[in-house]
Amino acid sequence: MKPIWLVDDDQSIRFVLEKALLREGLPTRSFTNPREVLAALAIATDEDGPQILVSDIRMPGGSGLELLESVKEKLPGLPVIIMTAFSDLDSAVSAFQGGAFEYLPKPFDLPKAVELIRRAVEESQREEVSEEGLSDTPEMLGQAPAMQDVFRAIGRLSQSQVTVMITGESGSGKELVARALHKHSQRAAGPFIAINTAAIPKDLLESELFGHERGAFTGAQTMRRGRFEQADGGTLFLDEIGDMPFDLQTRLLRVLSDGHFYRVGGHNAVKANVRVIAATHQDLEQRVKDGAFREDLFHRLNVIRLRLPALRERREDVFMLTRHFLQQSAKQLGVEPKRITDQALQLLSTFNFPGNVRQLENICHWLTVMAPSHVVEAKDLPPEVLQASPAALDTALPSIDLNSRTVAVPESGLIETAVTSNAVSNALHALPVMAGPQAPGLVSGWENGLETEALALLLAGQTDVWDVLTRRFESKLIQTALVNTRGRRIEAAQKLGIGRNTITRKIQELGLE
């Protein structure tokens with residue numbers, strides 16, 4: 001295993017971390033300043049380079065933040081943990097913008113520091129495997145038995161020209177299956193044309209499908225080829241076929257029956273050399289019983305039916321899909337991919353995903369933009385996921401260790417671990433957005449935290465405790481309400497039970513603009 005690189009001008013810090021990591025079986029290499037690190041990186045090979053870099057911020061001969069920037073240019077995927085005194089927390093938070101994995105406040109709790117470093121190592125190893133797996137990403141992903149059945153069906157249908165009906169809930173990936181069927185068919189060299197029949201007005205749909213002749217209707221200045229002609233020699237994918245108007249179903253049936261159609265306003269039959277793949281989220285049998293869908297067209301389309309499982313039916317695929325979409329989102333936005341903890345993945349996998357794979361993809365876009373740190377934790381998941389999984393939230397909430405602990409260190413004596421105002425503040429600020437029946441369950445937790453916070457400030461001799469805590473309380477309350485209402489101030493004011501002028505004034509006073 002590659003070593004953990006430790007950078008700190010304080011010999012006692014390096015000594016403690018070296019010994020603790022050695023007991024965990026993690027090799028280390030220590031440096032006293034950023035210049036030494038950059039010199040070592042210049043000659044390092046893949047085998048003896050760092051697995052993780054742990055660096056202080058303030059050191060003689062260079063800044064940890066400058067080192068972070070330089071290292072990220074050379075090794076963009078290397079997890080970097082920034083160590084900082086509480087007075088440097090603003091700098092540490094800004095380090096996330098430079099791609100830091102996490103920050104470690106001083107004085108630190110040694111077991112928690114080792115746990116953080118081990119988590120970074122695990123994420124690093126996981127990302128290495130993930131990057132290898134994503135180097136040649138297939139068009140569809142899934143390890144669940146239901147998806148393996150779909151893949152086998154695609155393989156069996158690859159040499160067939162038969163019409164296929166794909167059923168499944170919205171967002172489950174029906175078009176991806178249609179594209180895969182086309183890609184692996186004998187028509188792969190031909191075009192793949194997709195049309196959503198529910199998204200086009202009835203008056204235009206006929207022209208979209210079959211084209212029109214010049215002068216066929218007002219505005220038809222030239223002859224236009226329809227989707228059937230555009231798909232000649234390839235595949236035509238008719239999405240949401242269940243919403244097709246009844247009179248157009250008759251024309252579609254004729255094309256499927258004899259392979260010919262007429263453009264709107266045309267008199268000459270056009271030959272259609274097209275394989276049709278249809279898809280719907282509706283119960284077509286029921287639509288036939290209700291008289292909304294032609295029975296003969298249903299049987300013509302329903303030669304081979306392929307059912308796509310909903311994402312909640314293949315929860316084991318959430319892990320793989322999430323990491324894939326986070327990589328994909330980062331690539332689209334031109335940023336470094338976010339990492340996600342196993343705890344967050346576990347919580348995400350309990351969500352029912354009414355929007356299926358498309359909703360998971362949207363969540364990953366949201367996390368790429370909105371998650372506050374480079375590592376996505378359970379508390380960072382969007383409100384709809386947290387609110388839908390109250391039972392799993394207990395493990396997602398941060399805990400505050402109130403037990404003071406000391407670790408012996410040569411030369412400098414002790415590294416103390418105690419509850420500080422910043423530690424409690426960070427824990428309180430990490431609470432996820434809650435709503436409805438979950439909120440009362442948190443009361444005792446936040447009140448105990450508030451009591452500890454107030455006591456720490458009072459013992460420190462501060463004389464403006466009321467103003468400090470009131471300001472932070474109001475800030476967090478307003479911010480949480482705005483997140484819950486997606487930034488809509490009037491709605492946030494209504495939910496908080498205050499006036500619109502009050503919330504506007506508070507936002508200005510508290511510097512929340």
# chains A, B, ... in the order shown; residues from 1 in each chain; ligands from 1
call {"tool": "select_by_dssp", "arguments": {"residues": "stretch 39-252 of chain A", "states": "strand (DSSP E or B)", "output": "VMD selection string"}}
result
chain A and resid 52 to 56 58 to 59 62 to 63 80 to 85 102 to 106 164 to 167 192 to 196 211 to 212 224 to 225 235 to 239
call {"tool": "select_by_dssp", "arguments": {"residues": "stretch 109-294 of chain A", "states": "helix (DSSP H, G or I)", "output": "ChimeraX atom specification"}}
result
/A:110-134,145-157,174-183,202-210,227-230,241-243,246-258,284-289
call {"tool": "atom_distance", "arguments": {"atom1": "atom CA of A:Leu333", "atom2": "atom CA of A:Glu377"}}
result
20.7 Å
call {"tool": "residues_around", "arguments": {"residues": "stretch 187-191 of chain A", "least_positions_apart": "5", "cutoff": "8 Å", "atoms": "only C-alpha atoms", "output": "list in words"}}
result
His182, Gln230, Ala231, Asp232, Gly233, Gly234 and Thr235 of chain A
call {"tool": "closest_residue", "arguments": {"among": "A:Asn484, A:Arg225, A:Glu69, A:Thr250", "to": "A:Ala272", "atoms": "only C-alpha atoms"}}
result
A:Arg225
call {"tool": "residues_around", "arguments": {"residues": "A:Phe353", "least_positions_apart": "2", "cutoff": "12 Å", "atoms": "only C-alpha atoms", "output": "PDB file with C-alpha atoms, in the first residue's frame"}}
result
ATOM      1  CA  GLU A 169     -42.454   3.680 -15.123  1.00  0.00           C
ATOM      2  CA  SER A 170     -41.396   7.153 -16.221  1.00  0.00           C
ATOM      3  CA  GLY A 171     -37.684   7.717 -15.775  1.00  0.00           C
ATOM      4  CA  SER A 172     -36.777   4.015 -15.702  1.00  0.00           C
ATOM      5  CA  ALA A 310     -38.442   0.467 -11.275  1.00  0.00           C
ATOM      6  CA  LEU A 311     -35.335   1.597  -9.391  1.00  0.00           C
ATOM      7  CA  ARG A 312     -36.904   0.620  -6.046  1.00  0.00           C
ATOM      8  CA  GLU A 313     -37.049  -2.964  -7.411  1.00  0.00           C
ATOM      9  CA  ARG A 314     -33.286  -2.997  -7.930  1.00  0.00           C
ATOM     10  CA  ARG A 315     -31.907  -1.059  -4.980  1.00  0.00           C
ATOM     11  CA  VAL A 318     -28.230   2.556  -6.553  1.00  0.00           C
ATOM     12  CA  LEU A 348     -30.062   6.923  -0.558  1.00  0.00           C
ATOM     13  CA  SER A 349     -30.824   3.278  -1.349  1.00  0.00           C
ATOM     14  CA  THR A 350     -33.780   3.340   1.086  1.00  0.00           C
ATOM     15  CA  PHE A 351     -35.472   6.100  -0.932  1.00  0.00           C
ATOM     16  CA  GLY A 355     -38.890   9.359 -10.650  1.00  0.00           C
ATOM     17  CA  ASN A 356     -36.651   6.278 -10.949  1.00  0.00           C
ATOM     18  CA  VAL A 357     -33.193   6.494 -12.557  1.00  0.00           C
ATOM     19  CA  ARG A 358     -33.872   9.970 -13.950  1.00  0.00           C
ATOM     20  CA  GLN A 359     -34.563  11.224 -10.412  1.00  0.00           C
ATOM     21  CA  LEU A 360     -31.341   9.665  -9.117  1.00  0.00           C
ATOM     22  CA  GLU A 361     -29.439  11.376 -11.920  1.00  0.00           C
ATOM     23  CA  ASN A 362     -31.024  14.713 -10.974  1.00  0.00           C
ATOM     24  CA  ILE A 363     -30.095  14.162  -7.313  1.00  0.00           C
ATOM     25  CA  GLU A 384     -36.849  14.967  -0.138  1.00  0.00           C
ATOM     26  CA  VAL A 385     -34.535  12.019   0.604  1.00  0.00           C
ATOM     27  CA  ALA A 388     -38.686  10.321   3.336  1.00  0.00           C
ATOM     28  CA  SER A 389     -36.271   8.250   5.441  1.00  0.00           C
TER      29      SER A 389
END
call {"tool": "residues_around", "arguments": {"residues": "A:Ala492", "least_positions_apart": "5", "cutoff": "8 Å", "atoms": "only C-alpha atoms", "output": "MDAnalysis selection string"}}
result
chainID A and resid 478 481:482 484:485 487
call {"tool": "residues_around", "arguments": {"residues": "stretch 498-507 of chain A", "least_positions_apart": "4", "cutoff": "12 Å", "atoms": "only C-alpha atoms", "output": "PyMOL selection string"}}
result
chain A and resi 470-479+481-482+487-494+511-513
call {"tool": "closest_residue", "arguments": {"among": "A:Gly99, A:Gly173, A:Pro145, A:Pro354", "to": "A:Glu336", "atoms": "only C-alpha atoms"}}
result
A:Gly99
call {"tool": "atom_distance", "arguments": {"atom1": "atom CA of A:Met244", "atom2": "atom CA of A:Gln186"}}
result
28.2 Å
call {"tool": "atom_distance", "arguments": {"atom1": "atom CA of A:Lys2", "atom2": "atom CA of A:Val71"}}
result
16.3 Å
call {"tool": "residues_around", "arguments": {"residues": "stretch 78-86 of chain A", "least_positions_apart": "4", "cutoff": "6 Å", "atoms": "only C-alpha atoms", "output": "short mmCIF file (atom, residue, chain, number, x, y, z; two decimals) with N, CA and C atoms, in the first residue's frame"}}
result
data_model
loop_
_atom_site.label_atom_id
_atom_site.label_comp_id
_atom_site.auth_asym_id
_atom_site.auth_seq_id
_atom_site.Cartn_x
_atom_site.Cartn_y
_atom_site.Cartn_z
N ILE A 52 -2.66 9.30 0.51
CA ILE A 52 -3.39 10.42 1.09
C ILE A 52 -2.35 11.48 1.50
N LEU A 53 -2.71 12.74 1.40
CA LEU A 53 -1.86 13.81 1.89
C LEU A 53 -2.58 14.51 3.04
N VAL A 54 -1.91 14.59 4.21
CA VAL A 54 -2.45 15.28 5.38
C VAL A 54 -1.52 16.46 5.66
N SER A 55 -2.02 17.68 5.55
CA SER A 55 -1.15 18.85 5.64
C SER A 55 -1.72 19.90 6.58
N ASP A 56 -0.80 20.55 7.32
CA ASP A 56 -1.16 21.71 8.11
C ASP A 56 -1.35 22.90 7.18
N ILE A 57 -2.02 23.96 7.68
CA ILE A 57 -2.19 25.16 6.86
C ILE A 57 -1.01 26.11 7.01
N ALA A 100 -10.18 20.02 -1.35
CA ALA A 100 -9.79 19.27 -0.16
C ALA A 100 -10.83 18.19 0.16
N PHE A 101 -10.34 17.04 0.62
CA PHE A 101 -11.23 15.93 0.99
C PHE A 101 -12.00 16.26 2.26
N GLU A 102 -11.29 16.82 3.27
CA GLU A 102 -11.89 17.14 4.55
C GLU A 102 -10.89 17.98 5.33
N TYR A 103 -11.32 18.64 6.40
CA TYR A 103 -10.37 19.32 7.26
C TYR A 103 -10.43 18.74 8.67
N LEU A 104 -9.30 18.82 9.36
CA LEU A 104 -9.14 18.24 10.68
C LEU A 104 -8.78 19.36 11.66
N PRO A 105 -9.74 19.80 12.50
CA PRO A 105 -9.45 20.92 13.43
C PRO A 105 -8.48 20.51 14.53
N LYS A 106 -7.60 21.45 14.90
CA LYS A 106 -6.71 21.26 16.05
C LYS A 106 -7.24 22.05 17.24
#
